[in-house]
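> Supplied in structure tokens, the structure appears directly below.
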Amino acid sequence: MKSVRIKTISYLMIFTLIFSALALCAPQQTEAAGFSTAYPNTYVNTGAGANDIVGVAKTQIGYQENSVGTKYGDWYNTIFVNQPWCAMFVSWCAGQAKIPNDVIKKFSSCSVQVAWFKSIGRWQNSRYYGGDYTPQKGDIVFYRDGGSSAVSTHVGIMVGLNGNYLNVIEGNATNAKVCQFTSNKSRTLTSSYVIGYGTPNYSYTVEEEPETYEQWEVTADALTIRKSSSTSSTRLGAVTMGNILKVTKFKLSGGYLWGYMTHGGKTGWVALNYCNYINGNIKGTYYQLPPSVSPKLLDMYVNNTKKLVVTNGLGAKFTSSDKAVAKVSKKGKITALKPGTANITCKTATGTAICTVTVADMDISTNYVEVCAGDTTTLKVSGAKGPVTWKSAKKSIATISSTGKVKGVSVGETYVVAKVAETKFKCTVKVTSTPTTYENFRAAQNTYLRDNYKDKKKLLAIYKYTYVKVKKVVYTDTYTWGKVKYGGKTGWIVLNHFKYKNGTFGDKKLLSKAFLKKSSKTLYLDEKYALDVRYATGDITFSSDNKKIAKISKKGVVKGVGKGTTYVYAKLKNETLKCKIKVKDPIISDTSLEVLKGKTATLTVRGGEGDIVWTSSKKSVAKVSDKGVVTGKKYGKTVITAQRGDIKLSCEITVYDPQISDEKSELKVGEEKQLTISKCDAGSAKWKTSNSNVVTVTKTGLVTAAAPGDAVITASVNGVKLKCKFKIS
């Protein structure tokens, strides 16, 4: 399962909107804290669906997103408050207009809603895409992005037509506002940016069935369906990104929240860690797993960058414990600034995850390169504290520019030197013959034609057994690359994925040179790591610079035995490969955790030898198993200690057990009641009412009776929803 989290894009045609006609946008009222609740819906529904949804939308013209998010995202789901919101705006308007879910389904993904309208026979292509339909008031218009594919990334509500122009109201439009467009050149009946229209059947009525399932939206590229709730269970099929799943039961197993569902004729279990919750409440409370980051430990050089991979990271905020050592962007991109250590924290509404970054000093990008005569390759020094001076030992074989660009001159071998102040780095350069003809290769597996051998953008798929003609070869630290023309495009292939058939050029040395899968590795005391030598031939002899820091066996298994940094070597017939080994003290996976009462979290220890003895300072607050599984017992704090030999590591546990002051209450019109939350971080609670015409509620939980009737006040805190039912007379 691929765990890339991809947000639904809801902004349309950035380039064309720069030149859009002036939008009819009213000034926005903002609040000192939180998202804006300005522009209340003052429209009175008539029961005529098309008129009602447009009437509601008009009351919102001028509403603008702020740094916290929007009320539409908060209405859709509190964890969506700061997500792209054009689709959630349409859903909100439909909800305010009391449009049944079978007429306009609640949605946050434009492409998913297009598919839904098509599936129920309520879709019309635009004229650009071959249709002849004239859109009506209340239709939902879908736009594509600025690329070539007709995939919807923006949506609006049709008000009517102004000649050839669409009169439309859209959320998250110009300047992240709700705007009305009446004569915009990209919004016409024949515009290529208009894909088509959803045509809701406003005359349709349906009796809402009881909620017996939850809806989750798939965010992974391909989510595996399994026979049982285990990653080792039989694979039944897959669900692609954007599909909505109906989950009927749940299990927590192996660190995953599993959901039981049916899709594409396959019934089985999927890992909901790779999905976003939409609605439904069959579990009693909505459960979202805390975030995790990969890697948890990261070694970097000064000026290097690295993007963290986050699982369960919806609404994540990133911070650095030492911005002078390493800074982190809003999207989790880490930039190393100076030697030292910093903790990068990823925080969401459900917990935190930490990546420990160790920034080291300078190093050269590689110690060995091969280049054809006449070709070039570039070397770099990571973490350079000043200007880099480059020099070639034999300019008749290879030259090097002031920016580190090596150029092959004639066949042979030399070396170049990079000097930064008094520090020198050496790189061996082998120059091979310039290819004169070509060689035939056949694909040994399904692979790709790439744009180049650096950023490796995919151009075309090349399937197994396909023949290609290779006219040029480049060697890198990892692969041998061949330049080919295939499918009308010229690009690069990884020759390691092909078998040589015939032909000759150059010195016909197309075998990949040996290399280590990892040139550096961080270990913890007593931890082991097997050096992975790729494309090696013949015997290999392993050795260590400092056996008091790291030992290495005859089979290449490294063991950390003492704190510090050293190098281990794999010596082959014609070359020696080295791997930098850094050995650290043992660590615990988390130094602080938040756990709900009755829920669990697992702690682990890296490094050290022997069994781990786990203890809790307050077993009445949280207990811990002999495998490090922590279970919240009651509200409070405790310290979990892991002892392995003489080493003691600890984690502070906070157990929350959110409670609401009242679950039922009766008030008279005009009366107020203060609801409170206890046994948790009450300040983070978010309050909402099921019917603002009956009761209203402030951000602090103060309830005011507005009119006779029944309503429910919901407080969302620490991933739990607490409710109080009100009867107003």
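Going by the structure tokens order, chains are called A, B, ..., each with residues numbered from 1, while ligands are numbered from 1 in the order shown.
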Please provide as JSON, numbers by chain all residues within 12 Å of Gly265 of chain A, with the sequence filter that same-chain residues fewer than 3 positions apart are discarded (counting only C-alpha atoms).
{"A": [225, 236, 237, 238, 239, 261, 262, 268]}
> Enumerate as a PyMOL selection string all residues of segment 215-341 of chain A assigned to strand (DSSP E) by DSSP on the backbone, naming them with the chain letters and numbers the document uses.
chain A and resi 215-218+222-226+235-240+244-247+249-253+256-263+266-271+275-279+292-294+297-301+305-307+309-311+317-320+326-328+333-336+340-341
> Please list as a ChimeraX atom specification every residue within 10 Å of Lys627 of chain A, counting only C-alpha atoms and excluding residues in the same chain fewer than 5 positions away.
/A:602-604,611-614
> Between atom CA of Trp116 of chain A and atom CA of Val44 of chain A, what is the distance, to one decimal in Å?
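Between atom CA of Trp116 of chain A and atom CA of Val44 of chain A the gap is 28.7 Å.
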> I want to know what sits within 12 Å of Asn125 of chain A, based on only C-alpha atoms, with residues of the same chain fewer than 3 positions away left out; could you give that as a list in words?
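My list of contacting residues is Val114, Phe117, Lys118, Gly121, Arg122, Tyr128, Tyr129, Gly130, Gly131, Asp132, Tyr133, Thr134, Pro135, Ile140, Val141, Phe142, Tyr143, Ala150, Leu189, Thr190, Ser191, Ser192, Tyr193, Val194, Ile195, Gly196, Tyr197, Gly198 and Thr199 of chain A.
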> For a quick check of understanding, using only C-alpha atoms, which of A:Lys58, A:Val595, A:Pro40, A:Trp216 has the smallest distance to Asn77 of chain A?
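With only C-alpha atoms as the atom set, the closest residue is A:Trp216.
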> Using only C-alpha atoms, which residues sit within 9 Å of Asn304 of chain A once same-chain residues fewer than 5 positions away are excluded, as an NGL selection string?
:A and (334-337 or 382-383)
> Do you know which residues are at most 12 Å from Tyr301 of chain A counting only C-alpha atoms, after dropping those on the same chain fewer than 2 positions away, and could you put them as a PyMOL selection string?
chain A and resi 298-299+303-306+325-326+334-341+357-365+380-385+520
> Tell me, counting only C-alpha atoms, for each residue of segment 71-156 of chain A within 12 Å of segment 218-223 of chain A, which pair of atoms is nearest and how far apart they are in Å to one decimal, in rows ordered by chain and increasing number, as JSON lines.

{"residue": "A:Ser108", "atom": "CA", "partner": "A:Val218", "partner_atom": "CA", "distance": 11.8}
{"residue": "A:Ser109", "atom": "CA", "partner": "A:Val218", "partner_atom": "CA", "distance": 10.6}
{"residue": "A:Val112", "atom": "CA", "partner": "A:Val218", "partner_atom": "CA", "distance": 10.4}
> Find, counting only C-alpha atoms, the residue in A:Gly47, A:Pro290, A:Gly670, A:Gly332 that gets nearest to Leu596 of chain A.
A:Pro290
> Counting only C-alpha atoms, what is within 10 Å of Leu667 of chain A, bar same-chain residues fewer than 6 positions away, as JSON, numbers by chain?
{"A": [673, 695, 703, 704, 705, 706, 707, 708, 726, 727, 728, 729]}
> Looking at A:Ile677, A:Leu593, A:Leu297, A:Val328, which one is nearest to Thr352 of chain A, with distances taken over only C-alpha atoms?
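Closest residue, counting only C-alpha atoms: A:Leu593.
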> Rounded to one decimal, what separation in Å do you get between atom CA of Tyr213 of chain A and atom CA of Gly69 of chain A?
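According to the coordinates, atom CA of Tyr213 of chain A and atom CA of Gly69 of chain A are separated by 28.2 Å.
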> Which residue out of A:Ser650, A:Asn279, A:Thr240, A:Thr698 has the minimum interatomic distance to Trp75 of chain A when only C-alpha atoms are used?
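Among the listed residues, A:Asn279 lies closest to Trp75 of chain A.
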